[in-house]
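Pasted below: my_file13.cif, mmCIF, C-alpha atoms.
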data_model
loop_
_atom_site.label_atom_id
_atom_site.label_comp_id
_atom_site.auth_asym_id
_atom_site.auth_seq_id
_atom_site.Cartn_x
_atom_site.Cartn_y
_atom_site.Cartn_z
CA MET A 44 -94.64 -227.46 77.11
CA ILE A 45 -93.03 -229.02 80.19
CA ARG A 46 -92.17 -225.47 81.28
CA LEU A 47 -95.85 -224.58 81.01
CA LEU A 48 -96.93 -227.34 83.35
CA PRO A 49 -96.35 -225.38 86.60
CA VAL A 50 -98.31 -222.43 85.12
CA ILE A 51 -101.19 -224.67 84.05
CA ILE A 52 -101.29 -226.46 87.42
CA GLY A 53 -101.09 -223.09 89.24
CA ALA A 54 -103.86 -221.61 87.08
CA LEU A 55 -106.07 -224.68 87.65
CA LEU A 56 -105.47 -224.50 91.40
CA LEU A 57 -106.43 -220.80 91.41
CA VAL A 58 -109.52 -221.49 89.29
CA SER A 59 -110.50 -224.29 91.71
CA LEU A 60 -110.12 -221.99 94.70
CA PHE A 61 -112.00 -219.10 93.05
CA ASN A 62 -114.69 -221.49 91.89
CA ASN A 63 -115.42 -222.36 95.50
CA VAL A 64 -114.89 -218.89 96.99
CA ILE A 65 -116.65 -216.70 94.43
CA PRO A 66 -120.29 -217.55 93.85
CA ARG A 67 -121.51 -218.21 90.33
CA SER A 68 -123.78 -215.19 90.63
CA PHE A 69 -120.73 -212.90 90.84
CA TYR A 70 -119.54 -213.81 87.32
CA VAL A 71 -123.06 -213.68 85.99
CA GLY A 72 -123.54 -210.24 87.56
CA LEU A 73 -120.20 -208.92 86.31
CA PHE A 74 -120.58 -209.92 82.68
CA LYS A 75 -124.17 -210.57 81.68
CA ARG A 76 -125.21 -207.01 80.88
CA ASN A 77 -124.98 -206.57 77.15
CA LEU A 78 -122.96 -207.92 74.25
CA LEU A 79 -120.71 -204.87 73.85
CA PHE A 80 -119.99 -204.42 77.57
CA ASP A 81 -119.19 -208.13 78.05
CA SER A 82 -116.86 -208.14 75.05
CA VAL A 83 -115.02 -205.00 76.17
CA ILE A 84 -114.49 -206.40 79.69
CA GLY A 85 -113.36 -209.76 78.25
CA SER A 86 -110.97 -208.01 75.88
CA ILE A 87 -109.49 -205.85 78.66
CA VAL A 88 -108.88 -208.89 80.90
CA GLY A 89 -107.36 -210.83 77.96
CA SER A 90 -105.14 -207.90 76.95
CA ILE A 91 -103.50 -207.49 80.35
CA SER A 92 -103.04 -211.23 80.82
CA ALA A 93 -99.95 -213.01 79.57
CA GLY A 94 -98.85 -216.57 79.07
CA SER A 95 -99.53 -219.60 76.91
CA PRO A 96 -102.85 -219.77 75.02
CA MET A 97 -103.26 -223.15 76.71
CA THR A 98 -103.75 -221.33 80.01
CA SER A 99 -106.32 -219.01 78.40
CA TYR A 100 -108.36 -221.99 77.16
CA VAL A 101 -108.38 -223.53 80.62
CA LEU A 102 -109.40 -220.23 82.23
CA GLY A 103 -111.90 -219.37 79.47
CA GLY A 104 -113.50 -222.81 79.74
CA GLU A 105 -113.90 -222.43 83.48
CA PHE A 106 -115.29 -218.86 83.06
CA LEU A 107 -117.88 -220.26 80.69
CA LYS A 108 -118.89 -222.99 83.17
CA ASN A 109 -119.30 -220.26 85.79
CA GLY A 110 -121.85 -218.41 83.72
CA VAL A 111 -119.68 -215.78 82.01
CA ALA A 112 -121.16 -214.77 78.65
CA LEU A 113 -119.70 -216.40 75.52
CA SER A 114 -119.00 -212.98 73.94
CA ALA A 115 -116.81 -212.06 76.94
CA VAL A 116 -114.98 -215.39 76.91
CA THR A 117 -114.38 -215.13 73.15
CA ALA A 118 -113.03 -211.58 73.45
CA PHE A 119 -110.88 -212.76 76.38
CA LEU A 120 -109.43 -215.69 74.39
CA VAL A 121 -108.75 -213.60 71.29
CA ALA A 122 -107.26 -210.62 73.17
CA TRP A 123 -105.04 -212.99 75.20
CA VAL A 124 -103.23 -214.09 72.03
CA THR A 125 -103.51 -211.02 69.78
CA VAL A 126 -102.94 -208.13 72.21
CA GLY A 127 -99.64 -208.07 74.04
CA ILE A 128 -99.43 -205.34 76.67
CA VAL A 129 -96.62 -207.17 78.47
CA GLN A 130 -94.46 -207.55 75.35
CA LEU A 131 -95.43 -204.12 73.94
CA PRO A 132 -92.07 -202.45 74.85
CA VAL A 133 -90.13 -205.19 73.04
CA GLU A 134 -92.45 -205.03 70.02
CA MET A 135 -92.07 -201.23 69.90
CA MET A 136 -88.31 -201.48 70.10
CA ILE A 137 -87.93 -204.09 67.35
CA LEU A 138 -90.84 -203.37 64.98
CA GLY A 139 -91.41 -199.68 65.63
CA ARG A 140 -93.59 -197.70 68.03
CA ARG A 141 -96.31 -196.74 65.55
CA PHE A 142 -96.72 -200.31 64.28
CA ALA A 143 -96.78 -201.83 67.77
CA ILE A 144 -99.34 -199.34 69.11
CA PHE A 145 -101.67 -199.55 66.11
CA ARG A 146 -101.38 -203.33 65.91
CA ASN A 147 -102.32 -203.76 69.56
CA LEU A 148 -105.10 -201.14 69.40
CA THR A 149 -106.71 -202.69 66.33
CA ALA A 150 -106.30 -206.19 67.80
CA PHE A 151 -108.10 -205.02 70.96
CA MET A 152 -111.00 -203.58 68.95
CA LEU A 153 -111.19 -206.65 66.71
CA ALA A 154 -111.33 -208.89 69.79
CA VAL A 155 -114.41 -206.96 70.97
CA VAL A 156 -116.05 -207.27 67.53
CA LEU A 157 -115.13 -210.97 67.32
CA GLY A 158 -116.70 -211.62 70.70
CA ILE A 159 -119.99 -210.13 69.52
CA LEU A 160 -119.90 -211.61 66.02
CA THR A 161 -119.05 -215.15 67.14
CA MET A 162 -121.94 -215.14 69.59
CA LEU A 163 -124.37 -213.82 66.96
CA ILE A 164 -123.26 -216.35 64.33
CA LEU A 165 -123.53 -219.25 66.78
CA HIS A 166 -126.99 -218.04 67.72
CA PHE A 167 -128.18 -218.30 64.13
CA ILE A 168 -126.51 -221.56 63.00
CA MET B 35 -76.83 -220.29 92.69
CA LYS B 36 -79.25 -221.59 90.09
CA LYS B 37 -81.90 -219.05 89.02
CA ILE B 38 -85.49 -220.07 89.77
CA ARG B 39 -87.81 -219.65 86.78
CA GLY B 40 -90.91 -217.44 86.94
CA GLU B 41 -93.32 -220.34 86.36
CA TRP B 42 -92.02 -222.16 89.44
CA ILE B 43 -92.27 -218.98 91.53
CA PHE B 44 -95.89 -218.68 90.34
CA LEU B 45 -96.68 -222.29 91.27
CA THR B 46 -94.97 -221.89 94.66
CA ALA B 47 -97.01 -218.73 95.35
CA VAL B 48 -100.25 -220.53 94.45
CA LEU B 49 -99.29 -223.51 96.64
CA GLY B 50 -98.62 -221.00 99.45
CA ILE B 51 -102.16 -219.63 99.00
CA CYS B 52 -103.51 -223.20 99.09
CA CYS B 53 -101.63 -223.87 102.36
CA ALA B 54 -103.08 -220.66 103.83
CA VAL B 55 -106.58 -221.78 102.79
CA LEU B 56 -105.96 -225.20 104.39
CA ILE B 57 -105.09 -223.51 107.70
CA ILE B 58 -107.98 -220.99 107.56
CA ASP B 59 -110.76 -223.12 106.05
CA ARG B 60 -110.16 -226.86 105.73
CA GLY B 61 -113.56 -227.46 104.12
CA LEU B 62 -112.91 -224.90 101.37
CA PHE B 63 -109.48 -226.43 100.75
CA LEU B 64 -110.89 -229.96 100.38
CA ARG B 65 -113.70 -228.79 98.06
CA SER B 66 -111.19 -226.89 95.93
CA MET B 67 -108.78 -229.83 95.70
CA GLY B 68 -111.63 -232.12 94.71
CA PHE B 69 -112.58 -229.68 91.96
CA PHE B 70 -108.92 -229.37 90.86
CA LEU B 71 -108.39 -233.14 90.64
CA GLY B 72 -111.60 -233.49 88.65
CA ILE B 73 -110.46 -230.99 85.98
CA PHE B 74 -106.88 -232.25 85.96
CA VAL B 75 -107.80 -235.89 85.35
CA GLN B 76 -110.18 -234.80 82.57
CA ILE B 77 -107.59 -232.81 80.64
CA ILE B 78 -104.55 -235.14 80.97
CA PRO B 79 -105.31 -237.05 77.70
CA VAL B 80 -105.77 -233.73 75.88
CA PHE B 81 -102.41 -232.48 77.15
CA VAL B 82 -100.70 -235.64 75.87
CA LEU B 83 -102.20 -235.07 72.40
CA VAL B 84 -101.20 -231.37 72.46
CA PHE B 85 -97.63 -232.36 73.41
CA VAL B 86 -97.34 -234.78 70.46
CA LEU B 87 -98.68 -232.16 68.00
CA MET B 88 -96.27 -229.51 69.33
CA VAL B 89 -93.27 -231.84 68.96
CA LEU B 90 -94.33 -232.61 65.37
CA SER B 91 -94.70 -228.92 64.42
CA HIS B 92 -91.32 -228.02 66.01
CA THR B 93 -89.67 -230.82 64.04
CA PHE B 94 -91.10 -230.12 60.60
CA ILE B 95 -91.45 -226.31 60.31
CA ASP B 96 -88.43 -224.31 59.17
CA ARG B 97 -88.15 -220.55 59.91
CA GLN B 98 -86.13 -219.81 56.76
CA VAL B 99 -88.75 -221.40 54.51
CA ILE B 100 -91.34 -219.11 56.09
CA ALA B 101 -89.14 -216.04 55.47
CA ASP B 102 -88.70 -216.93 51.78
CA TYR B 103 -92.43 -217.32 51.19
CA PHE B 104 -93.12 -213.85 52.60
CA LYS B 105 -91.75 -212.46 49.34
CA LYS B 106 -94.45 -214.05 47.15
CA PRO B 107 -96.68 -211.58 45.28
CA GLY B 108 -100.33 -210.50 45.76
CA ILE B 109 -103.01 -212.87 47.01
CA LYS B 110 -100.48 -215.68 47.37
CA LYS B 111 -98.73 -213.57 49.99
CA TRP B 112 -101.92 -213.18 52.05
CA LEU B 113 -102.52 -216.90 51.81
CA PHE B 114 -98.97 -217.62 52.81
CA VAL B 115 -99.04 -215.13 55.69
CA ILE B 116 -102.17 -216.83 57.08
CA ILE B 117 -100.72 -220.34 56.83
CA ALA B 118 -97.30 -219.25 58.14
CA GLY B 119 -98.90 -217.53 61.13
CA ILE B 120 -100.98 -220.58 61.95
CA VAL B 121 -98.13 -223.09 61.72
CA SER B 122 -95.45 -220.92 63.38
CA THR B 123 -94.47 -222.03 66.86
CA GLY B 124 -92.65 -220.67 69.91
CA PRO B 125 -93.02 -217.41 71.83
CA ILE B 126 -94.09 -214.34 69.83
CA TYR B 127 -90.93 -212.32 70.59
CA VAL B 128 -88.78 -215.01 68.92
CA TRP B 129 -90.39 -213.94 65.63
CA TYR B 130 -89.88 -210.16 66.05
CA PRO B 131 -86.29 -210.09 64.68
CA LEU B 132 -87.33 -212.08 61.58
CA LEU B 133 -90.29 -209.76 61.01
CA ALA B 134 -88.03 -206.70 61.43
CA GLU B 135 -85.70 -208.18 58.83
CA LEU B 136 -88.61 -208.73 56.42
CA ARG B 137 -89.82 -205.18 57.07
CA ASP B 138 -86.36 -203.87 56.18
CA LYS B 139 -86.54 -205.88 52.94
CA GLY B 140 -89.76 -204.08 51.96
CA VAL B 141 -92.52 -206.34 53.31
CA GLN B 142 -95.46 -204.10 54.30
CA TYR B 143 -96.48 -203.81 57.94
CA GLY B 144 -99.95 -205.20 57.24
CA TYR B 145 -98.54 -208.60 56.30
CA LEU B 146 -96.50 -208.68 59.50
CA ALA B 147 -99.62 -207.82 61.52
CA ALA B 148 -101.65 -210.51 59.75
CA PHE B 149 -98.88 -213.04 60.45
CA LEU B 150 -98.89 -212.14 64.15
CA TYR B 151 -102.72 -212.29 64.27
CA ASN B 152 -102.80 -215.77 62.77
CA ARG B 153 -100.34 -216.97 65.39
CA ALA B 154 -103.37 -216.88 67.67
CA ILE B 155 -104.69 -219.97 65.86
CA LYS B 156 -102.82 -222.88 67.39
CA ILE B 157 -103.38 -226.20 65.64
CA PRO B 158 -101.65 -228.24 68.39
CA LEU B 159 -104.01 -226.69 70.95
CA LEU B 160 -107.18 -227.40 68.97
CA PRO B 161 -107.99 -230.61 70.91
CA LEU B 162 -107.92 -228.63 74.16
CA ALA B 163 -109.99 -225.79 72.63
CA ILE B 164 -112.58 -228.26 71.29
CA PHE B 165 -112.67 -230.02 74.65
CA TYR B 166 -113.63 -226.77 76.38
CA PHE B 167 -115.70 -224.94 73.74
CA GLY B 168 -116.94 -227.51 71.23
CA LEU B 169 -116.17 -228.09 67.56
CA LYS B 170 -118.78 -225.69 66.15
CA TYR B 171 -117.54 -222.76 68.23
CA ILE B 172 -113.88 -223.40 67.33
CA VAL B 173 -114.65 -223.70 63.58
CA VAL B 174 -116.59 -220.40 63.61
CA LEU B 175 -113.96 -218.62 65.71
CA THR B 176 -111.05 -219.88 63.59
CA LEU B 177 -112.69 -218.82 60.31
CA LEU B 178 -113.55 -215.40 61.72
CA MET B 179 -110.01 -214.95 63.02
CA ILE B 180 -108.56 -215.70 59.58
CA ILE B 181 -110.89 -213.11 58.01
CA PHE B 182 -110.09 -210.60 60.77
CA SER B 183 -106.35 -211.12 60.29
CA ILE B 184 -106.71 -209.88 56.70
CA LEU B 185 -108.87 -207.01 57.92
CA GLN B 186 -106.21 -206.04 60.45
CA GLY B 187 -103.52 -206.35 57.79
CA VAL B 188 -105.39 -203.96 55.48
CA MET B 189 -105.98 -201.53 58.38
CA ILE B 190 -102.31 -201.60 59.40
CA ASN B 191 -101.18 -201.09 55.80
CA ARG B 192 -103.25 -197.86 55.79
CA LEU B 193 -102.32 -196.73 59.31
CA VAL B 194 -98.62 -197.57 59.15
CA PRO B 195 -97.24 -196.98 55.67
CA ALA B 196 -94.04 -198.87 54.92
CA GLU B 197 -92.18 -195.79 53.66
CA ASP B 198 -92.66 -193.83 56.91
CA PRO B 199 -89.15 -193.54 58.35
CA CYS B 200 -90.55 -192.85 61.85
CA ASN B 201 -91.77 -196.42 62.07
CA TYR B 202 -88.41 -197.96 62.60
CA GLN B 203 -86.13 -197.30 65.52
CA ASP B 204 -82.98 -199.27 65.29
CA PRO B 205 -82.56 -200.96 68.70
CA ARG B 206 -78.79 -200.75 68.29
CA SER B 207 -78.87 -196.92 68.04
#

Here is the file; what I need is its structure written in the form of structure tokens.
Amino acid sequence: MIRLLPVIIGALLLVSLFNNVIPRSFYVGLFKRNLLFDSVIGSIVGSISAGSPMTSYVLGGEFLKNGVALSAVTAFLVAWVTVGIVQLPVEMMILGRRFAIFRNLTAFMLAVVLGILTMLILHFI
Amino acid sequence: MKKIRGEWIFLTAVLGICCAVLIIDRGLFLRSMGFFLGIFVQIIPVFVLVFVLMVLSHTFIDRQVIADYFKKPGIKKWLFVIIAGIVSTGPIYVWYPLLAELRDKGVQYGYLAAFLYNRAIKIPLLPLAIFYFGLKYIVVLTLLMIIFSILQGVMINRLVPAEDPCNYQDPRS
């Protein structure tokens, strides 16, 4: 966890800078289109990101405060930890190419579905 | 010469950006630092709690015990896979060799996928997650993720049959 501290501090500094440079309307404009689109974008961003889930919570929380849709943030959080583009070569080498590709593909799709489903469930409870 | 770790290079690069912003736009820099300090002070107590929970899980969870339980039959195996994934700690690639070993001993790919999926649920990080997203959201998300881990396991068992010899490439060959 101590090793994560520079990453967390760096991520928070970047978020603080972006928060003041990029207007809230930008995030709202980028994501708030429809449930499926938001979730797909969130899942893509989460899939290509790497690092501790702690960092994803910090970033996701700040995204949410900036007006990004909950479905996108959920897909982002889930894809961050379930899809591993960065570690895909290692996963393919140790666990097999077919397994690694199908696992990451299904995890990506499930992150999109989870983003939509979580938002719908929270809307009704 | 001592090798500099990636996380420190990242922080140095970000600090470099901050210095550039200070030179270009002092007002923006001060607003950003104010925002940063505000978030940082808020999440310090949560980080302390997360640290304590991580130390506890590292101390009490044994990798070999997890490997043994993977061999339990039927529904017990699913249950075990879910719990093992949730309580497992450390980077994901640390677990790959153990999973490869289990695969070689006949454990189906779906169980390995479900284990990896449940690693996304981090009990030590729950305080931080609740701080940002609220208890209701985290409960719903966690329950859905457990259900989806089984769904992914079933899908992977169909897509990647255990007996397919193409699935395994020995890294030593």

Taking all atoms listed in the file into account, find every residue of chain A that has an atom no more than 9 Å from chain B, and write it out as a PyMOL selection string.
chain A and resi 44-64+95-97+100-101+103-105+107+117+121+123-126+130+133-142+145-146+149-150+153+157+160-162+164-165

Just to confirm, what's the straight-line distance from CA of Val82 in chain B to CA of Leu102 in chain A in Å (one decimal)?
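Answer for the CA of Val82 in chain B to CA of Leu102 in chain A separation: 18.8 Å.
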
What is the CA of Asn77 in chain A-CA of Phe151 in chain A distance in Å, reported with one decimal?
18.0 Å

First collect every listed atom of range 83-95 of chain A; then fit an axis-aligned box around them, widen it by 4 Å on each side, and give centre and edge lengths in Å to one decimal, as AutoDock Vina command-line options.
--center_x -106.9 --center_y -212.3 --center_z 78.4 --size_x 24.2 --size_y 22.6 --size_z 13.0

Determine the nearest neighbour of Trp129 in chain B from the options B:Val75, B:Ile117, B:Lys110, B:Phe149, counting all atoms listed in the file.
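The closest residue to Trp129 in chain B is B:Phe149.
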
Can you measure CA of Ser82 in chain A to CA of Ala118 in chain A for me? One decimal in Å is fine.
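Computed distance, CA of Ser82 in chain A to CA of Ala118 in chain A, equals 5.4 Å.
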
May I ask which of the residues B:Val173, B:Thr123, B:Lys139, B:Trp112 is the closest one to Leu90 in chain B, counting only C-alpha atoms?
B:Thr123

I want to know what sits within 10 Å of Val155 in chain A, based on only C-alpha atoms, with residues of the same chain fewer than 6 positions away left out; could you give that as a ChimeraX atom specification?
/A:78-87,114-115,117-119,121-122,149

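With only C-alpha atoms as the atoms that count, the minimum distance from Ile91 in chain A to the choices A:Ala143, A:Ile168, A:Leu131, A:Gly158 is reached by A:Leu131.
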